[in-house]
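The data block below is work.pdb; it holds PDB, C-alpha atoms.
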```pdb
ATOM      1  CA  MET A  13       0.000   0.000   0.000  1.00  0.00           C
ATOM      2  CA  SER A  14       1.460   3.358  -0.970  1.00  0.00           C
ATOM      3  CA  ARG A  15       1.669   6.243   1.429  1.00  0.00           C
ATOM      4  CA  PRO A  16      -1.223   8.660   0.929  1.00  0.00           C
ATOM      5  CA  ALA A  17      -0.158  12.176   0.142  1.00  0.00           C
ATOM      6  CA  LEU A  18      -2.827  13.538   2.448  1.00  0.00           C
ATOM      7  CA  ALA A  19      -5.095  12.391   5.220  1.00  0.00           C
ATOM      8  CA  MET A  20      -8.229  14.413   5.916  1.00  0.00           C
ATOM      9  CA  ILE A  21      -9.937  14.349   9.292  1.00  0.00           C
ATOM     10  CA  THR A  22     -13.575  15.346   9.249  1.00  0.00           C
ATOM     11  CA  GLY A  23     -16.092  15.068  12.063  1.00  0.00           C
ATOM     12  CA  SER A  24     -18.919  13.979   9.839  1.00  0.00           C
ATOM     13  CA  TYR A  25     -18.641  12.708   6.309  1.00  0.00           C
ATOM     14  CA  GLN A  26     -21.918  13.102   4.445  1.00  0.00           C
ATOM     15  CA  PRO A  27     -21.153  14.769   1.102  1.00  0.00           C
ATOM     16  CA  GLY A  28     -24.291  16.234  -0.399  1.00  0.00           C
ATOM     17  CA  ARG A  29     -25.844  16.713   3.051  1.00  0.00           C
ATOM     18  CA  CYS A  30     -23.134  18.616   4.917  1.00  0.00           C
ATOM     19  CA  GLY A  31     -21.228  21.576   3.521  1.00  0.00           C
ATOM     20  CA  VAL A  32     -17.913  20.682   5.163  1.00  0.00           C
ATOM     21  CA  SER A  33     -18.226  17.074   3.983  1.00  0.00           C
ATOM     22  CA  ASP A  34     -19.071  18.261   0.490  1.00  0.00           C
ATOM     23  CA  TYR A  35     -16.053  20.581   0.503  1.00  0.00           C
ATOM     24  CA  THR A  36     -13.822  17.730   1.720  1.00  0.00           C
ATOM     25  CA  SER A  37     -15.132  15.358  -0.946  1.00  0.00           C
ATOM     26  CA  HIS A  38     -14.576  17.899  -3.736  1.00  0.00           C
ATOM     27  CA  LEU A  39     -11.107  18.721  -2.445  1.00  0.00           C
ATOM     28  CA  CYS A  40     -10.179  15.012  -2.441  1.00  0.00           C
ATOM     29  CA  GLN A  41     -11.521  14.617  -5.994  1.00  0.00           C
ATOM     30  CA  HIS A  42      -9.549  17.602  -7.281  1.00  0.00           C
ATOM     31  CA  LEU A  43      -6.363  16.455  -5.569  1.00  0.00           C
ATOM     32  CA  ALA A  44      -6.814  13.002  -7.154  1.00  0.00           C
ATOM     33  CA  GLN A  45      -7.038  14.665 -10.587  1.00  0.00           C
ATOM     34  CA  HIS A  46      -3.546  15.983  -9.886  1.00  0.00           C
ATOM     35  CA  GLY A  47      -2.221  12.580  -8.851  1.00  0.00           C
ATOM     36  CA  LEU A  48      -2.414  13.056  -5.079  1.00  0.00           C
ATOM     37  CA  SER A  49      -3.992  10.292  -3.042  1.00  0.00           C
ATOM     38  CA  THR A  50      -6.122  11.141  -0.027  1.00  0.00           C
ATOM     39  CA  THR A  51      -7.651   9.175   2.812  1.00  0.00           C
ATOM     40  CA  VAL A  52     -10.558  10.516   4.871  1.00  0.00           C
ATOM     41  CA  LEU A  53     -10.530   9.624   8.568  1.00  0.00           C
ATOM     42  CA  THR A  54     -13.866   9.949  10.328  1.00  0.00           C
ATOM     43  CA  THR A  55     -16.210   8.069  12.662  1.00  0.00           C
ATOM     44  CA  TYR A  56     -17.134   4.434  12.147  1.00  0.00           C
ATOM     45  CA  ALA A  57     -20.769   5.477  11.633  1.00  0.00           C
ATOM     46  CA  ALA A  58     -19.920   8.026   8.932  1.00  0.00           C
ATOM     47  CA  ALA A  59     -17.574   5.627   7.120  1.00  0.00           C
ATOM     48  CA  ARG A  60     -20.204   2.863   6.998  1.00  0.00           C
ATOM     49  CA  THR A  61     -22.183   4.862   4.446  1.00  0.00           C
ATOM     50  CA  HIS A  62     -19.229   4.913   2.028  1.00  0.00           C
ATOM     51  CA  HIS A  63     -17.927   1.937   0.125  1.00  0.00           C
ATOM     52  CA  SER A  64     -14.455   3.248  -0.514  1.00  0.00           C
ATOM     53  CA  ALA A  65     -11.105   2.270   0.944  1.00  0.00           C
ATOM     54  CA  ASP A  66     -10.309   5.988   0.910  1.00  0.00           C
ATOM     55  CA  VAL A  67     -12.867   6.660   3.676  1.00  0.00           C
ATOM     56  CA  ARG A  68     -11.999   5.026   6.978  1.00  0.00           C
ATOM     57  CA  GLY A  69     -13.828   4.936  10.249  1.00  0.00           C
ATOM     58  CA  VAL A  70     -11.276   5.173  13.019  1.00  0.00           C
ATOM     59  CA  VAL A  71     -13.181   6.506  16.066  1.00  0.00           C
ATOM     60  CA  ASP A  72     -16.557   6.100  17.744  1.00  0.00           C
ATOM     61  CA  ASP A  73     -16.909   9.796  18.456  1.00  0.00           C
ATOM     62  CA  TRP A  74     -14.551  12.658  19.123  1.00  0.00           C
ATOM     63  CA  SER A  75     -14.071  12.224  22.852  1.00  0.00           C
ATOM     64  CA  VAL A  76     -10.758  12.483  24.679  1.00  0.00           C
ATOM     65  CA  GLY A  77     -10.694   8.680  24.878  1.00  0.00           C
ATOM     66  CA  ASP A  78     -10.704   8.424  21.072  1.00  0.00           C
ATOM     67  CA  MET A  79      -7.701  10.704  20.518  1.00  0.00           C
ATOM     68  CA  PRO A  80      -5.007   8.017  21.070  1.00  0.00           C
ATOM     69  CA  THR A  81      -6.829   5.781  18.555  1.00  0.00           C
ATOM     70  CA  LEU A  82      -6.993   8.649  16.067  1.00  0.00           C
ATOM     71  CA  ALA A  83      -3.301   9.427  16.588  1.00  0.00           C
ATOM     72  CA  ARG A  84      -2.398   5.772  15.944  1.00  0.00           C
ATOM     73  CA  ALA A  85      -4.480   5.806  12.737  1.00  0.00           C
ATOM     74  CA  VAL A  86      -2.622   8.896  11.497  1.00  0.00           C
ATOM     75  CA  GLN A  87       0.732   7.346  12.388  1.00  0.00           C
ATOM     76  CA  ALA A  88      -0.180   4.098  10.608  1.00  0.00           C
ATOM     77  CA  LEU A  89      -1.099   6.007   7.426  1.00  0.00           C
ATOM     78  CA  ASN A  90       1.916   8.281   7.780  1.00  0.00           C
ATOM     79  CA  PRO A  91       0.619  10.902   5.330  1.00  0.00           C
ATOM     80  CA  ALA A  92       2.896  13.658   4.110  1.00  0.00           C
ATOM     81  CA  LEU A  93       0.207  16.130   5.195  1.00  0.00           C
ATOM     82  CA  LEU A  94      -2.683  15.905   7.655  1.00  0.00           C
ATOM     83  CA  HIS A  95      -5.574  18.266   6.899  1.00  0.00           C
ATOM     84  CA  ILE A  96      -8.071  18.712   9.732  1.00  0.00           C
ATOM     85  CA  GLN A  97     -11.473  20.007   8.656  1.00  0.00           C
ATOM     86  CA  HIS A  98     -12.614  21.683  11.853  1.00  0.00           C
ATOM     87  CA  ALA A  99     -16.303  22.463  12.127  1.00  0.00           C
ATOM     88  CA  ALA A 100     -17.307  22.445  15.778  1.00  0.00           C
ATOM     89  CA  GLY A 101     -20.767  21.023  15.131  1.00  0.00           C
ATOM     90  CA  SER A 102     -19.459  18.033  13.209  1.00  0.00           C
ATOM     91  CA  TYR A 103     -17.395  17.034  16.248  1.00  0.00           C
ATOM     92  CA  GLY A 104     -20.366  17.375  18.588  1.00  0.00           C
ATOM     93  CA  PHE A 105     -18.819  20.588  19.953  1.00  0.00           C
ATOM     94  CA  GLN A 106     -16.214  18.454  21.729  1.00  0.00           C
ATOM     95  CA  ARG A 107     -12.792  20.046  22.102  1.00  0.00           C
ATOM     96  CA  ALA A 108     -10.652  16.887  22.293  1.00  0.00           C
ATOM     97  CA  LEU A 109      -9.481  17.249  18.680  1.00  0.00           C
ATOM     98  CA  PHE A 110      -7.520  20.354  19.715  1.00  0.00           C
ATOM     99  CA  GLY A 111      -5.182  17.991  21.573  1.00  0.00           C
ATOM    100  CA  LEU A 112      -4.400  15.866  18.512  1.00  0.00           C
ATOM    101  CA  PRO A 113      -1.506  17.936  17.070  1.00  0.00           C
ATOM    102  CA  PRO A 114       0.563  17.928  20.288  1.00  0.00           C
ATOM    103  CA  LEU A 115      -0.305  14.264  20.838  1.00  0.00           C
ATOM    104  CA  LEU A 116       0.995  13.411  17.359  1.00  0.00           C
ATOM    105  CA  ARG A 117       4.207  15.362  17.954  1.00  0.00           C
ATOM    106  CA  LEU A 118       4.756  13.643  21.305  1.00  0.00           C
ATOM    107  CA  ALA A 119       4.279  10.298  19.552  1.00  0.00           C
ATOM    108  CA  GLY A 120       6.978  11.212  17.030  1.00  0.00           C
ATOM    109  CA  TRP A 121       4.864  11.985  13.945  1.00  0.00           C
ATOM    110  CA  ARG A 122       6.560  14.764  11.975  1.00  0.00           C
ATOM    111  CA  GLY A 123       4.298  15.284   8.968  1.00  0.00           C
ATOM    112  CA  ARG A 124       2.861  18.637   8.006  1.00  0.00           C
ATOM    113  CA  LEU A 125      -0.436  19.741   9.475  1.00  0.00           C
ATOM    114  CA  VAL A 126      -3.085  22.121   8.126  1.00  0.00           C
ATOM    115  CA  THR A 127      -6.394  23.036   9.728  1.00  0.00           C
ATOM    116  CA  THR A 128      -9.291  24.632   7.890  1.00  0.00           C
ATOM    117  CA  VAL A 129     -11.648  26.271  10.358  1.00  0.00           C
ATOM    118  CA  HIS A 130     -15.306  26.255   9.348  1.00  0.00           C
ATOM    119  CA  GLU A 131     -18.244  27.660  11.347  1.00  0.00           C
ATOM    120  CA  TYR A 132     -16.195  30.149  13.312  1.00  0.00           C
ATOM    121  CA  GLY A 133     -17.485  33.278  14.944  1.00  0.00           C
ATOM    122  CA  TRP A 134     -20.926  32.162  16.032  1.00  0.00           C
ATOM    123  CA  TRP A 135     -19.898  30.069  19.019  1.00  0.00           C
ATOM    124  CA  GLU A 136     -17.488  30.663  21.811  1.00  0.00           C
ATOM    125  CA  TRP A 137     -15.849  28.418  24.339  1.00  0.00           C
ATOM    126  CA  GLN A 138     -13.847  29.417  27.349  1.00  0.00           C
ATOM    127  CA  PRO A 139     -12.240  26.981  29.755  1.00  0.00           C
ATOM    128  CA  PRO A 140     -13.842  27.222  33.222  1.00  0.00           C
ATOM    129  CA  ALA A 141     -10.662  28.832  34.585  1.00  0.00           C
ATOM    130  CA  CYS A 142     -11.121  31.746  32.150  1.00  0.00           C
ATOM    131  CA  SER A 143     -14.807  32.323  32.758  1.00  0.00           C
ATOM    132  CA  GLY A 144     -14.662  33.191  36.422  1.00  0.00           C
ATOM    133  CA  GLY A 145     -15.132  29.582  37.497  1.00  0.00           C
ATOM    134  CA  THR A 146     -18.776  29.380  36.485  1.00  0.00           C
ATOM    135  CA  GLY A 147     -18.002  26.568  34.030  1.00  0.00           C
TER     136      GLY A 147
END
```

What would the structure in this file look like if it were written as C-alpha cells?
Amino acid sequence: MSRPALAMITGSYQPGRCGVSDYTSHLCQHLAQHGLSTTVLTTYAAARTHHSADVRGVVDDWSVGDMPTLARAVQALNPALLHIQHAAGSYGFQRALFGLPPLLRLAGWRGRLVTTVHEYGWWEWQPPACSGGTG
C-alpha cells in the first residue's frame, strides 16, 4: 500500500448533506485529478455509508478517549500532510481534537499539518478557569 499524500480528518462525512463534507469530498476529488492520493478519517458510523477504501472509520466519536486511537491511525497512514477540517458542530462541539496535534508530535509523527476552520465566529468556548469559574 502506498503512502497517501494527504489524510483528511472530518467530524462527519456526508457529502451532499453537509457543507464541510461536500467541501472535503470535492477537495479530495480535485487532488486526485492531480495525482495526489487522499484518505478521509472519520467516525465508524460516517464511514459505513461509504464503500471506498479511501474513507476510513477510526473513532466512535470525538471524545478524549478516542484521541489516542486517532493518533495511531494517522501514524499508521503516515501521510505527508494531515488536513483537519474543523467544524465544531461536526465534532459534537467536543474540544478533544484540539489535543491531537501535540499528541501526534509527542508520539513522534513529523508530517505537516493544516487546519481549515469552518463555522467560526458564532460560538465561543472558554475553559472554566477563564470564565470566572462558572463553568

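The coordinates place CA of Gln97 in chain A at 7.4 Å from CA of Val32 in chain A.
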
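Restricting the calculation to all atoms listed in the file, the smallest distance between Leu125 in chain A and any of A:Thr55, A:Pro80, A:Leu94, A:Ala99 is found for A:Leu94.
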
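CA of Ala92 in chain A sits 14.9 Å away from CA of Ala44 in chain A.
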
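Here, the PyMOL selection byres ((chain A and resi 15-28) around 6) matches Ser14, Arg29, Cys30, Ser33, Asp34, Leu48, Ser49, Thr50, Thr51, Val52, Leu53, Thr54, Ala58, Pro91, Ala92, Leu93, Leu94, His95, Ile96, Gln97, Ser102 and Tyr103 of chain A.
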
Those same residues - C-alpha atoms - I'd like them written as a PDB file, keeping the file's coordinate frame.
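Listed below is the output, result10.pdb:
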```
ATOM      1  CA  SER A  14       1.460   3.358  -0.970  1.00  0.00           C
ATOM      2  CA  ARG A  29     -25.844  16.713   3.051  1.00  0.00           C
ATOM      3  CA  CYS A  30     -23.134  18.616   4.917  1.00  0.00           C
ATOM      4  CA  SER A  33     -18.226  17.074   3.983  1.00  0.00           C
ATOM      5  CA  ASP A  34     -19.071  18.261   0.490  1.00  0.00           C
ATOM      6  CA  LEU A  48      -2.414  13.056  -5.079  1.00  0.00           C
ATOM      7  CA  SER A  49      -3.992  10.292  -3.042  1.00  0.00           C
ATOM      8  CA  THR A  50      -6.122  11.141  -0.027  1.00  0.00           C
ATOM      9  CA  THR A  51      -7.651   9.175   2.812  1.00  0.00           C
ATOM     10  CA  VAL A  52     -10.558  10.516   4.871  1.00  0.00           C
ATOM     11  CA  LEU A  53     -10.530   9.624   8.568  1.00  0.00           C
ATOM     12  CA  THR A  54     -13.866   9.949  10.328  1.00  0.00           C
ATOM     13  CA  ALA A  58     -19.920   8.026   8.932  1.00  0.00           C
ATOM     14  CA  PRO A  91       0.619  10.902   5.330  1.00  0.00           C
ATOM     15  CA  ALA A  92       2.896  13.658   4.110  1.00  0.00           C
ATOM     16  CA  LEU A  93       0.207  16.130   5.195  1.00  0.00           C
ATOM     17  CA  LEU A  94      -2.683  15.905   7.655  1.00  0.00           C
ATOM     18  CA  HIS A  95      -5.574  18.266   6.899  1.00  0.00           C
ATOM     19  CA  ILE A  96      -8.071  18.712   9.732  1.00  0.00           C
ATOM     20  CA  GLN A  97     -11.473  20.007   8.656  1.00  0.00           C
ATOM     21  CA  SER A 102     -19.459  18.033  13.209  1.00  0.00           C
ATOM     22  CA  TYR A 103     -17.395  17.034  16.248  1.00  0.00           C
TER      23      TYR A 103
END
```

10 Å contact set for Ala100 in chain A, only C-alpha atoms, chain neighbours under 2 positions out, as a JSON list (two decimals) with C-alpha atoms, keeping the file's coordinate frame:
```json
[["chain", "number", "residue", "atom", "x", "y", "z"],
["A", 23, "GLY", "CA", -16.09, 15.07, 12.06],
["A", 97, "GLN", "CA", -11.47, 20.01, 8.66],
["A", 98, "HIS", "CA", -12.61, 21.68, 11.85],
["A", 102, "SER", "CA", -19.46, 18.03, 13.21],
["A", 103, "TYR", "CA", -17.40, 17.03, 16.25],
["A", 104, "GLY", "CA", -20.37, 17.38, 18.59],
["A", 105, "PHE", "CA", -18.82, 20.59, 19.95],
["A", 106, "GLN", "CA", -16.21, 18.45, 21.73],
["A", 107, "ARG", "CA", -12.79, 20.05, 22.10],
["A", 109, "LEU", "CA", -9.48, 17.25, 18.68],
["A", 129, "VAL", "CA", -11.65, 26.27, 10.36],
["A", 130, "HIS", "CA", -15.31, 26.26, 9.35],
["A", 131, "GLU", "CA", -18.24, 27.66, 11.35],
["A", 132, "TYR", "CA", -16.20, 30.15, 13.31],
["A", 135, "TRP", "CA", -19.90, 30.07, 19.02]]
```

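As for CA of Met79 in chain A and CA of Phe110 in chain A, they are spaced 9.7 Å apart.
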